[in-house]
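> Questions regarding the structure given below will be posed in turn.
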Amino acid sequence: MRRLRALWVRLADVVRPGRRDRDFDEELASHLQLHIDDNLAVGMPPDEARRVAIVRLGGIAQTHERYRDRARLPFVDAVAQDILYAFRTFRKNRGFALTAMLTLALGIGSTSAIFSAINAVLLRPLPFADSDRLVMVYGVARSARGVDMHDSVSYPNFADWRDLAATLEGAGAYANRPLTVTTAAGESRVIRGKQVTPSLFGVLGVRPALGRAFRPDEDQPALSRVVILSDGFWRQRLGGDPQVLGRTLQINDTPFTIVGVMAPDFHIDVAEMEQLYAPLPVDATRNHEFLRVIARLRSDASARQAQADLDEVCRRLAQLYPRTNEGVGANVEPLVDAIAGPGRLALLILFAVVTVVLLIACTNVASLLLARGATRQREMAVRAALGAGRGRLVRQLLVESLLLALAGGIAGLFVADWLARGLVAMVSDVAPVPRLDATRTDMWVVAFTTSVSLITGIVFGIAPALVSASTGLNEALRDAGRSSTGGRAPRIRRGLVVLETALALVLLAGAGALTKTLLTMRATPPGFSAENLLVVNLYMPPTRLSALESRVPFFDATLARIRGLPGVRDAAFVADLPLSGASDSESFHIPGRPDPAPNRWFNAGFNIASSHYFRTMGIRIGEGRDFQDSDTTGAPGVIVINQTAAKRFWPDRSAIGQQIDLPVTRQKTVRLTVVGVADDVRHVGLAVPPRPEVFVNSLQSELTWPSVVLAVRTANHPSGLADAVKGAVHETGTGAVLVRIDTLDAVIARSMAQPRLFTSLLGAFAVAAVVLAAVGLYGLISFSVAQRAHEMGIRVALGASRSEIVRLALGEGVGLAVAGTAIGVAGGLAVTRALVGLMAGIQPNDPLTFAVVATMLLVCACLASYVPARRAAAADPLMALRAE
Amino acid sequence: MADVWQGTLALMVLKTLEGLGPLHGYGIARRIEQTSSNHLSVNYGTIYPALLKLEQEGYISSEWGVSENNRRAKFYRLTRAGRKHLEREARSWELTTEILSRFLAPRESS
């Protein structure tokens, strides 16, 4: 404590040094006076009295010195001096200081902006108790049919995992269920709902704000007619009525009793903001995979241990139930990562990108400092000659770079705040990333920015400081002003320029690969005609439209009504619209042909479509026919396949009339005949090459599918028909619920929006990187020609032409850029490969992309070196020589 | 010797102030010199960093005043914390010297 007090007093005296010094002056004078008085009293002559007093004191200056060491903190003193000195040099070199600061502000600011997003999405704890112990457990099925990833889990498997895995303290499961809520007025609406196991709320550690959670026995079907509301649903639909408990709600035509209301902002998964919770009834089918599982790890277990534990449990289950569980595994992922979803990869890639930008900014500033070090050689030499040790000089230079970095960091904080706002606004329009909207420039971001600033200050400052401070004293003083081109500093600067060129190329290559993909998407004909097509998403409530018998009248009635509307050319149903992102695949046998491998059948994308589907979509049927109205439930089963499928499965003959055997249930297989071969359509994404696809007829498929798309081909722009179509769907009275109505053009634009956003983000950062690299190169060449002005002057005097001088200076810059580009290509190959997970259809290692970006970079490099080279050539050789 | 000097000097200063009441630096230095019967002849100047340290630690406080022969001088006085500190330090010092002297004393013949 006493030490701390002393330290505090000393620090205070560092800040205001004058007062104590004056005070001590007086105290010493008084001391000497008292001593002299005593000496005089014993009869010394005055001169002698004074001399003895000073000698016994131990010297006035020496005493002062020792006193000052104790009065203040010598180290802090010196650093404070360094800081003052640094400020003075910056004021003298405003251009340099400003350039360095802005460069750093950009680099640090972009890094902090992405960090603040990562902090909001990935680092901030979820709003659940001890949320770091919560994990999502996905189901992984490596089926006999090949590698097939499922992420849902069947009820019995969930229950076994929960009961058998010792590393799990508890587990709950839920299924996303669109629920039809009917109001008193008889109007039906589809509401996002979740069926949850009664244990789920306990696992998450949450309780309803009003009422109660589900009781353990409410998973019994007889007791499960209860519902818990989200706060949003309660407020918007029921006016926040506190008397709501015990009332009933018509859900899927069944009365449910309201037993609770959750707290505001509570959502199990933020990506799918559910409005209602109902108990999940026990389901005994082991191969009915429809659940998401959230588990709480025991406090002493890690996610890795839980993974090992579940692997073992899955192995045992596979032995017990080989028919259903062969190859079924579990995959444990922290809940926070699971919720972030694909946004996580995008954020991490962006963070890597901005780190590279920051690295380039650092190299630039380091290069600037080195150049400045060269002009300060004389100053350093003089200070060394006056007794400053090497450590002192290095400290001085490091203090300067740390100050620059901190100033850059402070400015960067504003840049970060601005960038983060922009980023969040842009992203939330296009691709909702859960929790991204909570991005704030908070304490964590400030702390991050400060640490990054300090680290960058050291990173870019250390090499220049060491180089500048170690210049030979003699050398520097002797040829001050006439620096040679050799030496360590220029070599390091050239290395730095190569490095930043390489980094810039890596980013350019990434941005290039994305752009190429985007261009491919634009240029690719989707295979259908998107104009004048209305797309209606319908939900078929399982209570009314789950069986094929109930669907047939719905399909028939709706199509008849819609096709009869004026202005409608045709209409058809389909399960998955092209480019919607959804895609199912099924495996099948081909009669009379062996399977491709034991236990591996033929596999293709499967879709369900009604009559006139291909005509409605404008997809050309190359061979055979479209589905017709005569392909009804009783008629022979027919399929239409795409060209890729025809070539893959029947390469040597016409596919028309060929057959496949599709297993529908474990016991039953249906035989389907190919009646048409349609042109390929980009189904998964515009940049993804078509895959084999099989369309089954909607009137002949017993596959259960809860939602369907009604495509309506119109004669003119379809927006005018939206209301008529809506009305027609409603009037059929079959119970289908309209979810969304849109034009296909809009759907396609949406499928492009996300890749476009990411491409422009990465592109912007890549451009920033190239600009920074070009500035670095420009600075290096300007400096280099300035340093070699003497040499250039001699060359010109000896008859070298202007263009030769230009070539000389240009050659240096371009040589460095070529070296950087070559190194960057290697890094770029790795980066484009990493991007594949982000955007479907990216081609890594595309030579054209690399050629284009390398050329772009080299052109920039040429320009950046040409400007100073021209200036060097234009200089008067006489002036250069006389300047000595 | 220097290290012992640093520690003991502080103790001597405190003890002097306890015995004589408020006193200026010169007076303290002279007093220590006299008490040690001139065994300790160091520069008077060393007293000042020691005084400063004690003041920074809050064991003594200082104030300008007038000496008996009418000279302006800075007077140091013991604070309450300083009195306690002195007691503590004196006790521990006594213990140390006692132990040491037992070690160093000529062994009694057995």
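By order in the structure tokens, chains are A, B, ...; within a chain, residues start at 1; ligands start at 1, following the order shown.
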Running DSSP on the backbone, which parts of region 403-622 of chain A land in alpha helix (DSSP H), as a VMD selection string?
chain A and resid 403 to 430 443 to 469 473 to 478 488 to 523 542 to 545 548 to 563 613 to 617
> Neighbouring residues of Thr180 (chain A) were defined as those with any atom within 10 Å, considering only C-alpha atoms; residues of the same chain fewer than 3 positions away were excluded. Please report them as a ChimeraX atom specification.
/A:177,183,187-193,250-254,539-543,735-737
> Can I get the selection written as a PDB file, in the first residue's frame, with N, CA and C atoms?

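And here's result16.pdb as it stands now:
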ATOM      1  N   ARG A 177     -42.438 -26.451 -37.255  1.00  0.00           N
ATOM      2  CA  ARG A 177     -43.749 -26.816 -37.789  1.00  0.00           C
ATOM      3  C   ARG A 177     -44.500 -25.560 -38.177  1.00  0.00           C
ATOM      4  N   THR A 183     -58.439 -17.732 -36.751  1.00  0.00           N
ATOM      5  CA  THR A 183     -59.002 -16.748 -35.831  1.00  0.00           C
ATOM      6  C   THR A 183     -60.487 -16.973 -35.681  1.00  0.00           C
ATOM      7  N   GLU A 187     -60.431 -16.774 -40.358  1.00  0.00           N
ATOM      8  CA  GLU A 187     -59.317 -16.572 -41.273  1.00  0.00           C
ATOM      9  C   GLU A 187     -58.115 -17.396 -40.813  1.00  0.00           C
ATOM     10  N   SER A 188     -57.506 -18.100 -41.773  1.00  0.00           N
ATOM     11  CA  SER A 188     -56.365 -18.952 -41.413  1.00  0.00           C
ATOM     12  C   SER A 188     -55.061 -18.267 -41.754  1.00  0.00           C
ATOM     13  N   ARG A 189     -54.088 -18.448 -40.891  1.00  0.00           N
ATOM     14  CA  ARG A 189     -52.764 -17.907 -41.133  1.00  0.00           C
ATOM     15  C   ARG A 189     -51.749 -18.979 -40.808  1.00  0.00           C
ATOM     16  N   VAL A 190     -50.642 -18.982 -41.567  1.00  0.00           N
ATOM     17  CA  VAL A 190     -49.586 -19.930 -41.239  1.00  0.00           C
ATOM     18  C   VAL A 190     -48.598 -19.217 -40.327  1.00  0.00           C
ATOM     19  N   ILE A 191     -48.356 -19.820 -39.182  1.00  0.00           N
ATOM     20  CA  ILE A 191     -47.478 -19.234 -38.176  1.00  0.00           C
ATOM     21  C   ILE A 191     -46.297 -20.176 -37.989  1.00  0.00           C
ATOM     22  N   ARG A 192     -45.101 -19.612 -37.877  1.00  0.00           N
ATOM     23  CA  ARG A 192     -43.956 -20.459 -37.574  1.00  0.00           C
ATOM     24  C   ARG A 192     -44.093 -20.990 -36.163  1.00  0.00           C
ATOM     25  N   GLY A 193     -44.088 -22.288 -36.046  1.00  0.00           N
ATOM     26  CA  GLY A 193     -44.208 -22.872 -34.726  1.00  0.00           C
ATOM     27  C   GLY A 193     -43.130 -23.910 -34.511  1.00  0.00           C
ATOM     28  N   GLN A 250     -57.251 -22.033 -31.965  1.00  0.00           N
ATOM     29  CA  GLN A 250     -57.489 -23.047 -32.994  1.00  0.00           C
ATOM     30  C   GLN A 250     -56.214 -23.242 -33.807  1.00  0.00           C
ATOM     31  N   ILE A 251     -55.541 -24.359 -33.585  1.00  0.00           N
ATOM     32  CA  ILE A 251     -54.320 -24.631 -34.337  1.00  0.00           C
ATOM     33  C   ILE A 251     -54.532 -25.906 -35.131  1.00  0.00           C
ATOM     34  N   ASN A 252     -54.295 -25.836 -36.428  1.00  0.00           N
ATOM     35  CA  ASN A 252     -54.522 -26.981 -37.321  1.00  0.00           C
ATOM     36  C   ASN A 252     -55.904 -27.588 -37.060  1.00  0.00           C
ATOM     37  N   ASP A 253     -56.902 -26.710 -36.896  1.00  0.00           N
ATOM     38  CA  ASP A 253     -58.291 -27.120 -36.688  1.00  0.00           C
ATOM     39  C   ASP A 253     -58.512 -27.861 -35.385  1.00  0.00           C
ATOM     40  N   THR A 254     -57.617 -27.713 -34.428  1.00  0.00           N
ATOM     41  CA  THR A 254     -57.783 -28.385 -33.148  1.00  0.00           C
ATOM     42  C   THR A 254     -57.657 -27.328 -32.063  1.00  0.00           C
ATOM     43  N   TYR A 539     -48.843 -23.716 -48.416  1.00  0.00           N
ATOM     44  CA  TYR A 539     -48.597 -24.692 -47.370  1.00  0.00           C
ATOM     45  C   TYR A 539     -49.793 -25.619 -47.315  1.00  0.00           C
ATOM     46  N   MET A 540     -49.506 -26.922 -47.311  1.00  0.00           N
ATOM     47  CA  MET A 540     -50.598 -27.890 -47.260  1.00  0.00           C
ATOM     48  C   MET A 540     -50.662 -28.457 -45.841  1.00  0.00           C
ATOM     49  N   PRO A 541     -51.573 -27.960 -45.014  1.00  0.00           N
ATOM     50  CA  PRO A 541     -51.622 -28.420 -43.620  1.00  0.00           C
ATOM     51  C   PRO A 541     -51.804 -29.927 -43.566  1.00  0.00           C
ATOM     52  N   PRO A 542     -51.006 -30.604 -42.758  1.00  0.00           N
ATOM     53  CA  PRO A 542     -51.066 -32.064 -42.738  1.00  0.00           C
ATOM     54  C   PRO A 542     -52.435 -32.580 -42.317  1.00  0.00           C
ATOM     55  N   THR A 543     -53.168 -31.805 -41.511  1.00  0.00           N
ATOM     56  CA  THR A 543     -54.486 -32.293 -41.082  1.00  0.00           C
ATOM     57  C   THR A 543     -55.437 -32.385 -42.264  1.00  0.00           C
ATOM     58  N   GLY A 735     -58.271 -25.679 -48.126  1.00  0.00           N
ATOM     59  CA  GLY A 735     -57.509 -25.588 -46.876  1.00  0.00           C
ATOM     60  C   GLY A 735     -56.046 -25.277 -47.055  1.00  0.00           C
ATOM     61  N   ALA A 736     -55.588 -25.177 -48.323  1.00  0.00           N
ATOM     62  CA  ALA A 736     -54.192 -24.792 -48.523  1.00  0.00           C
ATOM     63  C   ALA A 736     -54.020 -23.341 -48.093  1.00  0.00           C
ATOM     64  N   VAL A 737     -52.877 -23.044 -47.483  1.00  0.00           N
ATOM     65  CA  VAL A 737     -52.662 -21.699 -46.958  1.00  0.00           C
ATOM     66  C   VAL A 737     -51.594 -20.999 -47.775  1.00  0.00           C
TER      67      VAL A 737
END
> I'd like to know which of A:Ser116, A:Ser546, A:Thr324, A:Thr257 is closest to Leu423 (chain A), using only C-alpha atoms.
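The shortest atom-to-atom distance to Leu423 (chain A) comes from A:Ser116.
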> What are the closest atom pairs, with distances in Å to one decimal, for each residue of chain B lying within 10 Å of chain A, using only C-alpha atoms, rows by chain and rising residue number, as JSON lines?

{"residue": "B:His24", "atom": "CA", "partner": "A:His31", "partner_atom": "CA", "distance": 8.1}
{"residue": "B:Gly25", "atom": "CA", "partner": "A:His31", "partner_atom": "CA", "distance": 7.0}
{"residue": "B:Tyr26", "atom": "CA", "partner": "A:His31", "partner_atom": "CA", "distance": 5.5}
{"residue": "B:Gly27", "atom": "CA", "partner": "A:Leu34", "partner_atom": "CA", "distance": 8.6}
{"residue": "B:Ala29", "atom": "CA", "partner": "A:Leu57", "partner_atom": "CA", "distance": 9.9}
{"residue": "B:Arg30", "atom": "CA", "partner": "A:His35", "partner_atom": "CA", "distance": 9.4}
{"residue": "B:Ser41", "atom": "CA", "partner": "A:Arg56", "partner_atom": "CA", "distance": 9.0}
{"residue": "B:Val42", "atom": "CA", "partner": "A:Arg56", "partner_atom": "CA", "distance": 7.9}
{"residue": "B:Asn43", "atom": "CA", "partner": "A:Leu57", "partner_atom": "CA", "distance": 5.1}
{"residue": "B:Tyr44", "atom": "CA", "partner": "A:Leu57", "partner_atom": "CA", "distance": 4.5}
{"residue": "B:Gly45", "atom": "CA", "partner": "A:Leu57", "partner_atom": "CA", "distance": 4.6}
{"residue": "B:Thr46", "atom": "CA", "partner": "A:Thr63", "partner_atom": "CA", "distance": 7.2}
{"residue": "B:Ile47", "atom": "CA", "partner": "A:Leu57", "partner_atom": "CA", "distance": 9.3}
{"residue": "B:Tyr48", "atom": "CA", "partner": "A:Tyr67", "partner_atom": "CA", "distance": 6.6}
{"residue": "B:Pro49", "atom": "CA", "partner": "A:Tyr67", "partner_atom": "CA", "distance": 5.0}
{"residue": "B:Ala50", "atom": "CA", "partner": "A:Arg70", "partner_atom": "CA", "distance": 8.6}
{"residue": "B:Leu51", "atom": "CA", "partner": "A:Tyr67", "partner_atom": "CA", "distance": 9.7}
{"residue": "B:Leu52", "atom": "CA", "partner": "A:Ala71", "partner_atom": "CA", "distance": 7.1}
{"residue": "B:Lys53", "atom": "CA", "partner": "A:Arg70", "partner_atom": "CA", "distance": 7.0}
{"residue": "B:Leu54", "atom": "CA", "partner": "A:Ala6", "partner_atom": "CA", "distance": 8.7}
{"residue": "B:Glu55", "atom": "CA", "partner": "A:Ala6", "partner_atom": "CA", "distance": 8.3}
{"residue": "B:Gln56", "atom": "CA", "partner": "A:Ala6", "partner_atom": "CA", "distance": 4.6}
{"residue": "B:Glu57", "atom": "CA", "partner": "A:Ala6", "partner_atom": "CA", "distance": 5.0}
{"residue": "B:Gly58", "atom": "CA", "partner": "A:Arg2", "partner_atom": "CA", "distance": 7.5}
{"residue": "B:Tyr59", "atom": "CA", "partner": "A:Arg2", "partner_atom": "CA", "distance": 9.1}
{"residue": "B:Trp64", "atom": "CA", "partner": "A:Glu27", "partner_atom": "CA", "distance": 9.0}
{"residue": "B:Ser67", "atom": "CA", "partner": "A:Leu34", "partner_atom": "CA", "distance": 8.8}
{"residue": "B:Asn69", "atom": "CA", "partner": "A:Leu34", "partner_atom": "CA", "distance": 8.7}
{"residue": "B:Asn70", "atom": "CA", "partner": "A:Leu34", "partner_atom": "CA", "distance": 9.9}
{"residue": "B:Arg71", "atom": "CA", "partner": "A:Leu34", "partner_atom": "CA", "distance": 7.2}
{"residue": "B:Arg72", "atom": "CA", "partner": "A:Ser30", "partner_atom": "CA", "distance": 6.5}
{"residue": "B:Ala73", "atom": "CA", "partner": "A:Ser30", "partner_atom": "CA", "distance": 5.6}
{"residue": "B:Lys74", "atom": "CA", "partner": "A:Glu27", "partner_atom": "CA", "distance": 6.3}
{"residue": "B:Phe75", "atom": "CA", "partner": "A:Glu27", "partner_atom": "CA", "distance": 9.8}
> Would you list, as a list in words, the residues of chain B that end up in strand (DSSP E) under DSSP run on this structure's backbone?
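Assigned to strand (DSSP E), within chain B: Leu23, His24, Ile60, Ser61, Ser62, Glu63, Trp64, Gly65, Val66, Arg72, Ala73, Lys74, Phe75, Tyr76, Arg77 and Leu78 of chain B.
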> Excluding Leu762 (chain A) and any residue of its chain fewer than 6 positions from it, enumerate the residues within 12 Å of it, using only C-alpha atoms, and give them as a list in words.
Ser110, Ala346, Leu347, Ile349, Leu350, Phe351, Ala352, Val353, Val354, Val356, Val357, Leu423, Ala504, Val506, Leu507, Leu508, Ala509, Gly510, Ala511, Gly512, Ala513, Leu514, Thr515, Pro755, Arg756, Ala768, Ala769 and Leu835 of chain A
> Determine, counting only C-alpha atoms, which protein, DNA and RNA residues have an atom within 12 Å of an atom of Thr732 (chain A); residues of the same chain fewer than 5 positions away are not included. Present the result as a list in words.
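Skipping anything fewer than 5 positions along the chain leaves Pro553, Phe554, Phe555, Asp556, Ala557, Thr558, Leu559, Ala560, Arg561, Ile562, Val725, Lys726, Gly727 and Val737 of chain A.
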> So how far away is CA of Pro692 (chain A) from CA of Arg593 (chain A), in Å?
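Answer for the CA of Arg593 (chain A) to CA of Pro692 (chain A) separation: 18.0 Å.
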> I'd like the interatomic distance between CA of Gly19 (chain B) and CA of Asp38 (chain A), to a tenth of an Å.
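Going from CA of Gly19 (chain B) over to CA of Asp38 (chain A) covers 21.8 Å.
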> To one decimal place, how far is CA of Ala869 (chain A) from CA of Ala809 (chain A) in Å?
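Computing it gives 5.2 Å between the two atoms.
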> Give me, as a list in words, all polymer residues having an atom no more than 8 Å from region 299-312 of chain A, counting only C-alpha atoms and skipping those fewer than 3 positions away in the same chain.
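Surrounding residues, per the criterion: Arg133, Val135, Trp161, Ala165, Ala166, Thr167, Leu168, Arg315, Arg316, Gly329, Ala330, Asn331, Val332, Glu333 and Pro334 of chain A.
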> Put those residues in a file: N, CA and C atoms, as a compact mmCIF listing (two decimals), in the first residue's frame.

# COMPACT_ATOMS: atom_id res chain seq x y z
N ARG A 133 -22.32 -24.24 -22.43
CA ARG A 133 -22.43 -25.69 -22.28
C ARG A 133 -23.51 -26.27 -23.19
N VAL A 135 -25.04 -27.44 -26.72
CA VAL A 135 -24.57 -27.89 -28.04
C VAL A 135 -25.76 -28.33 -28.88
N TRP A 161 -29.91 -41.18 -27.31
CA TRP A 161 -28.73 -40.32 -27.10
C TRP A 161 -28.82 -39.65 -25.74
N ALA A 165 -25.89 -41.17 -23.37
CA ALA A 165 -24.64 -40.40 -23.38
C ALA A 165 -24.41 -39.79 -22.01
N ALA A 166 -23.37 -40.25 -21.32
CA ALA A 166 -23.13 -39.80 -19.95
C ALA A 166 -22.62 -38.37 -19.91
N THR A 167 -22.05 -37.89 -21.02
CA THR A 167 -21.50 -36.53 -21.03
C THR A 167 -22.61 -35.48 -21.13
N LEU A 168 -23.83 -35.90 -21.43
CA LEU A 168 -24.92 -34.94 -21.56
C LEU A 168 -25.71 -34.88 -20.26
N ARG A 315 -22.59 -46.27 -32.19
CA ARG A 315 -22.11 -47.60 -32.59
C ARG A 315 -22.98 -48.68 -31.95
N ARG A 316 -23.27 -48.48 -30.66
CA ARG A 316 -24.10 -49.48 -29.97
C ARG A 316 -25.49 -49.52 -30.57
N GLY A 329 -24.81 -41.50 -37.44
CA GLY A 329 -23.91 -40.96 -36.43
C GLY A 329 -24.45 -39.66 -35.88
N ALA A 330 -23.71 -39.07 -34.96
CA ALA A 330 -24.10 -37.80 -34.37
C ALA A 330 -22.96 -36.81 -34.53
N ASN A 331 -23.31 -35.55 -34.65
CA ASN A 331 -22.29 -34.52 -34.83
C ASN A 331 -22.56 -33.39 -33.84
N VAL A 332 -21.62 -33.18 -32.92
CA VAL A 332 -21.81 -32.19 -31.86
C VAL A 332 -21.20 -30.86 -32.28
N GLU A 333 -21.98 -29.79 -32.19
CA GLU A 333 -21.46 -28.47 -32.53
C GLU A 333 -21.94 -27.49 -31.46
N PRO A 334 -21.05 -26.60 -30.98
CA PRO A 334 -21.52 -25.61 -30.01
C PRO A 334 -22.74 -24.88 -30.55
> Tell me, as an MDAnalysis selection string, which residues lie within 10 Å of Ala90 (chain B), counting only C-alpha atoms; anything in the same chain fewer than 2 positions away does not count.
chainID B and resid 8 11:12 14:15 84:88 92:96
> If we count only C-alpha atoms, what is near Glu169 (chain A) at a cut-off of 7 Å, once residues fewer than 3 positions away on the same chain are taken out, given as a list in words?
Arg296, Leu297 and Arg298 of chain A
